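Structure, as structure tokens:
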Amino acid sequence: MKNKTAVVTGTSSGFGLSTSIELARKGLTVIAAMRNINKNSDLLQQARKHGVESKIFVLELDVTNEKSILAFQTKVIENFGRVDVLINNAGYAGAGFVEEVSMDEYREQFETNVFGVFAVTKAFLPLMRKQKQGYIINISSISGKVAFPGLSPYIASKHAIEGWSESLRLEMQPFGVKVVLIEPGSYKTNIWSTGKQVAAESLQSHSPYKDYMQSIERYIAAGEDNFGDPLEVAIKIAEITVMENPDIRYPIGRGVKASIFLKNFLPWRLWEKIIIRNLFVK
């Protein structure tokens with residue numbers, strides 16, 4: 001792993017922060033990208049704690065801004081010369097019921113979670129193709145395989161990433177670049193708090209979906225004690241970066257594999273009843 005370089009987006013917290021530390025501990029040089037570099041204190045504190053501060057370089061990157069991506073691409077190539085691992089992690093969870101989610105909110109969700117991934121990947125594809133080796137690891141979600149009410153912006157974005165990653169994997173396979181999807185369940189990150197802010201309209205007293213959204217919030221809150229440690233995902237990502245032939249998908253987290261299996265094999269009417277029943281348990 002020595003002399004290899006990894007680019008990780010969305011590194012101020014959650015999976016991005018944990019993955020940056022874990023890869024640095026494995027010997028990689030890590031370019032930790034974040035939209036606001038003033039939020040780098042948690043990352044650098046953890047880097048010092050683990051003795052890997054010299055392996056981590058924080059650079060500014062707004063995945064929704066073309067100029068920011070170009071400036072980031074230039075700095076990486078000029079200063080590091082190669083990218084062996086690209087981890088597309090930056091994103092947030094937009095929430096709300098379809099009727100109450102504006103088209104601008106849908107577009108904003110896709111600008112970050114979908115088009116941001118496309119643009120950052122395209123920025124480094126020529127380099128990785130010429131290297132004839134590398135890993136592109138896209139952080140998807142169980143939501144990319146299993147839908148859930150009240151989260152359609154996020155779920156739609158992750159379904160898009162799933163299909164796009166399949167195409168990219170087939171395109172890059174002849175060039176030695178491996179494309180992988182990580183599909184986490186619920187972990188202790190700040191992604192859900194962002195989603196709840198977006199869902200504010202559906203929690204207003206005048207909303208016809210208020211009771212439904214409150215049921216969803218109760219369901220999520222009831223399971224928070226069982227949310228996983230993001231380090232588990234970071235360790236899995238580090239393992240993948242040394243696999244000769246990684247699979248395309250890695251579901252990870254409590255109940256994730258079971259949920260995907262049941263959704264794929266149960267008749268839809270039965271699956272639907274299970275979801276609704278679970279949500280409205282008081």
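For the structure tokens, the naming scheme is as follows: chains receive sequential letters (A, B, ...) according to their order of presentation, residues are indexed from 1 within each chain, and ligands are indexed from 1 in presentation order.
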
Near range 87-104 of chain A, counting only C-alpha atoms, which residues have an atom at most 8 Å away, once you skip same-chain residues fewer than 4 positions from it, shown as a ChimeraX atom specification? /A:6-11,15-16,63,108-109,112-113,117,120-121,136-139,149-154,191-192,194-196,198-202,209,213

When DSSP works through the backbone of this structure, what residues of range 102-268 of chain A end up as helix (DSSP H, G or I), shown as a PDB file with C-alpha atoms, in the first residue's frame?
ATOM      1  CA  MET A 103     -38.055  20.333  -7.754  1.00  0.00           C
ATOM      2  CA  ASP A 104     -35.193  22.564  -6.635  1.00  0.00           C
ATOM      3  CA  GLU A 105     -34.656  20.263  -3.625  1.00  0.00           C
ATOM      4  CA  TYR A 106     -34.576  17.232  -5.917  1.00  0.00           C
ATOM      5  CA  ARG A 107     -32.074  18.963  -8.194  1.00  0.00           C
ATOM      6  CA  GLU A 108     -29.896  19.970  -5.254  1.00  0.00           C
ATOM      7  CA  GLN A 109     -29.882  16.376  -4.005  1.00  0.00           C
ATOM      8  CA  PHE A 110     -28.814  15.069  -7.400  1.00  0.00           C
ATOM      9  CA  GLU A 111     -26.183  17.800  -7.862  1.00  0.00           C
ATOM     10  CA  THR A 112     -24.335  16.493  -4.803  1.00  0.00           C
ATOM     11  CA  ASN A 113     -25.090  12.774  -4.627  1.00  0.00           C
ATOM     12  CA  VAL A 114     -25.179  11.975  -8.335  1.00  0.00           C
ATOM     13  CA  PHE A 115     -23.670  14.628 -10.621  1.00  0.00           C
ATOM     14  CA  GLY A 116     -20.967  15.350  -8.055  1.00  0.00           C
ATOM     15  CA  VAL A 117     -19.904  11.700  -8.163  1.00  0.00           C
ATOM     16  CA  PHE A 118     -19.987  11.715 -11.964  1.00  0.00           C
ATOM     17  CA  ALA A 119     -17.892  14.879 -12.227  1.00  0.00           C
ATOM     18  CA  VAL A 120     -15.210  13.941  -9.695  1.00  0.00           C
ATOM     19  CA  THR A 121     -14.852  10.481 -11.223  1.00  0.00           C
ATOM     20  CA  LYS A 122     -14.552  11.892 -14.744  1.00  0.00           C
ATOM     21  CA  ALA A 123     -11.830  14.239 -13.504  1.00  0.00           C
ATOM     22  CA  PHE A 124      -9.583  11.289 -12.639  1.00  0.00           C
ATOM     23  CA  LEU A 125     -10.655   8.595 -15.125  1.00  0.00           C
ATOM     24  CA  PRO A 126      -8.036   9.504 -17.760  1.00  0.00           C
ATOM     25  CA  LEU A 127      -5.255   9.276 -15.173  1.00  0.00           C
ATOM     26  CA  MET A 128      -6.462   5.979 -13.747  1.00  0.00           C
ATOM     27  CA  ARG A 129      -7.026   4.512 -17.202  1.00  0.00           C
ATOM     28  CA  LYS A 130      -3.466   5.384 -18.226  1.00  0.00           C
ATOM     29  CA  GLN A 131      -2.145   3.860 -14.995  1.00  0.00           C
ATOM     30  CA  ILE A 142     -29.076   0.121   1.377  1.00  0.00           C
ATOM     31  CA  SER A 143     -31.359   2.888   0.069  1.00  0.00           C
ATOM     32  CA  GLY A 144     -29.891   2.217  -3.364  1.00  0.00           C
ATOM     33  CA  SER A 152     -37.346   9.809  -2.055  1.00  0.00           C
ATOM     34  CA  PRO A 153     -34.666  12.414  -2.959  1.00  0.00           C
ATOM     35  CA  TYR A 154     -31.931  10.401  -1.245  1.00  0.00           C
ATOM     36  CA  ILE A 155     -33.221   7.026  -2.389  1.00  0.00           C
ATOM     37  CA  ALA A 156     -33.545   8.141  -5.998  1.00  0.00           C
ATOM     38  CA  SER A 157     -29.976   9.463  -5.922  1.00  0.00           C
ATOM     39  CA  LYS A 158     -28.579   6.197  -4.581  1.00  0.00           C
ATOM     40  CA  HIS A 159     -30.524   4.103  -7.102  1.00  0.00           C
ATOM     41  CA  ALA A 160     -28.933   6.264  -9.809  1.00  0.00           C
ATOM     42  CA  ILE A 161     -25.440   5.634  -8.423  1.00  0.00           C
ATOM     43  CA  GLU A 162     -26.085   1.878  -8.401  1.00  0.00           C
ATOM     44  CA  GLY A 163     -26.909   1.715 -12.104  1.00  0.00           C
ATOM     45  CA  TRP A 164     -24.197   4.167 -13.130  1.00  0.00           C
ATOM     46  CA  SER A 165     -21.572   2.200 -11.222  1.00  0.00           C
ATOM     47  CA  GLU A 166     -22.531  -0.996 -13.031  1.00  0.00           C
ATOM     48  CA  SER A 167     -21.952   0.719 -16.381  1.00  0.00           C
ATOM     49  CA  LEU A 168     -18.683   2.257 -15.230  1.00  0.00           C
ATOM     50  CA  ARG A 169     -17.410  -1.073 -13.929  1.00  0.00           C
ATOM     51  CA  LEU A 170     -17.979  -2.705 -17.323  1.00  0.00           C
ATOM     52  CA  GLU A 171     -16.317   0.205 -19.116  1.00  0.00           C
ATOM     53  CA  MET A 172     -13.220   0.270 -16.925  1.00  0.00           C
ATOM     54  CA  GLN A 173     -12.642  -3.456 -16.496  1.00  0.00           C
ATOM     55  CA  PRO A 174     -10.460  -3.774 -19.644  1.00  0.00           C
ATOM     56  CA  PHE A 175      -8.233  -1.012 -18.272  1.00  0.00           C
ATOM     57  CA  ILE A 191     -26.410  12.194   7.263  1.00  0.00           C
ATOM     58  CA  TRP A 192     -29.790  11.643   8.917  1.00  0.00           C
ATOM     59  CA  SER A 193     -29.771  14.940  10.796  1.00  0.00           C
ATOM     60  CA  THR A 194     -29.369  16.723   7.466  1.00  0.00           C
ATOM     61  CA  GLY A 195     -32.294  14.783   6.030  1.00  0.00           C
ATOM     62  CA  LYS A 196     -34.525  15.694   8.933  1.00  0.00           C
ATOM     63  CA  GLN A 197     -33.878  19.384   8.305  1.00  0.00           C
ATOM     64  CA  VAL A 198     -34.947  18.998   4.687  1.00  0.00           C
ATOM     65  CA  ALA A 199     -38.101  17.134   5.796  1.00  0.00           C
ATOM     66  CA  ALA A 200     -39.295  20.035   7.944  1.00  0.00           C
ATOM     67  CA  GLU A 201     -42.264  20.773   5.656  1.00  0.00           C
ATOM     68  CA  SER A 202     -43.692  17.287   6.217  1.00  0.00           C
ATOM     69  CA  LEU A 203     -43.592  17.823   9.982  1.00  0.00           C
ATOM     70  CA  LYS A 210     -47.355  14.894   9.463  1.00  0.00           C
ATOM     71  CA  ASP A 211     -48.473  11.712  11.238  1.00  0.00           C
ATOM     72  CA  TYR A 212     -46.758   9.545   8.631  1.00  0.00           C
ATOM     73  CA  MET A 213     -43.473  11.441   8.938  1.00  0.00           C
ATOM     74  CA  GLN A 214     -43.604  11.306  12.713  1.00  0.00           C
ATOM     75  CA  SER A 215     -44.051   7.531  12.491  1.00  0.00           C
ATOM     76  CA  ILE A 216     -40.949   7.339  10.299  1.00  0.00           C
ATOM     77  CA  GLU A 217     -38.980   9.476  12.751  1.00  0.00           C
ATOM     78  CA  ARG A 218     -40.044   7.256  15.648  1.00  0.00           C
ATOM     79  CA  TYR A 219     -38.982   4.188  13.678  1.00  0.00           C
ATOM     80  CA  ILE A 220     -35.537   5.678  12.951  1.00  0.00           C
ATOM     81  CA  ALA A 221     -35.104   6.916  16.529  1.00  0.00           C
ATOM     82  CA  ALA A 222     -36.009   3.503  17.956  1.00  0.00           C
ATOM     83  CA  GLU A 224     -30.459   4.613  16.766  1.00  0.00           C
ATOM     84  CA  ASP A 225     -28.863   2.654  19.613  1.00  0.00           C
ATOM     85  CA  ASN A 226     -28.093  -0.088  17.098  1.00  0.00           C
ATOM     86  CA  PRO A 230     -18.440   4.145  10.709  1.00  0.00           C
ATOM     87  CA  LEU A 231     -15.062   2.520  11.341  1.00  0.00           C
ATOM     88  CA  GLU A 232     -16.609  -0.794  10.263  1.00  0.00           C
ATOM     89  CA  VAL A 233     -17.225   0.635   6.793  1.00  0.00           C
ATOM     90  CA  ALA A 234     -13.760   2.214   6.696  1.00  0.00           C
ATOM     91  CA  ILE A 235     -12.123  -1.131   7.460  1.00  0.00           C
ATOM     92  CA  LYS A 236     -14.104  -2.816   4.692  1.00  0.00           C
ATOM     93  CA  ILE A 237     -13.041  -0.118   2.215  1.00  0.00           C
ATOM     94  CA  ALA A 238      -9.387  -0.593   3.184  1.00  0.00           C
ATOM     95  CA  GLU A 239      -9.751  -4.355   2.656  1.00  0.00           C
ATOM     96  CA  ILE A 240     -11.218  -3.832  -0.808  1.00  0.00           C
ATOM     97  CA  VAL A 256     -28.766  -5.027   5.458  1.00  0.00           C
ATOM     98  CA  LYS A 257     -28.223  -8.318   3.643  1.00  0.00           C
ATOM     99  CA  ALA A 258     -31.476  -9.742   5.035  1.00  0.00           C
ATOM    100  CA  SER A 259     -33.451  -6.678   3.962  1.00  0.00           C
ATOM    101  CA  ILE A 260     -32.068  -6.776   0.423  1.00  0.00           C
ATOM    102  CA  PHE A 261     -32.732 -10.512   0.174  1.00  0.00           C
ATOM    103  CA  LEU A 262     -36.325 -10.222   1.398  1.00  0.00           C
ATOM    104  CA  LYS A 263     -37.108  -7.247  -0.823  1.00  0.00           C
ATOM    105  CA  ASN A 264     -35.808  -9.105  -3.876  1.00  0.00           C
ATOM    106  CA  PHE A 265     -37.613 -12.381  -3.236  1.00  0.00           C
ATOM    107  CA  TRP A 268     -44.210  -6.885  -3.493  1.00  0.00           C
TER     108      TRP A 268
END

Could you pull out the strand (DSSP E or B) residues of range 4-51 of chain A from DSSP and send them as an MDAnalysis selection string? chainID A and resid 5:9 29:34
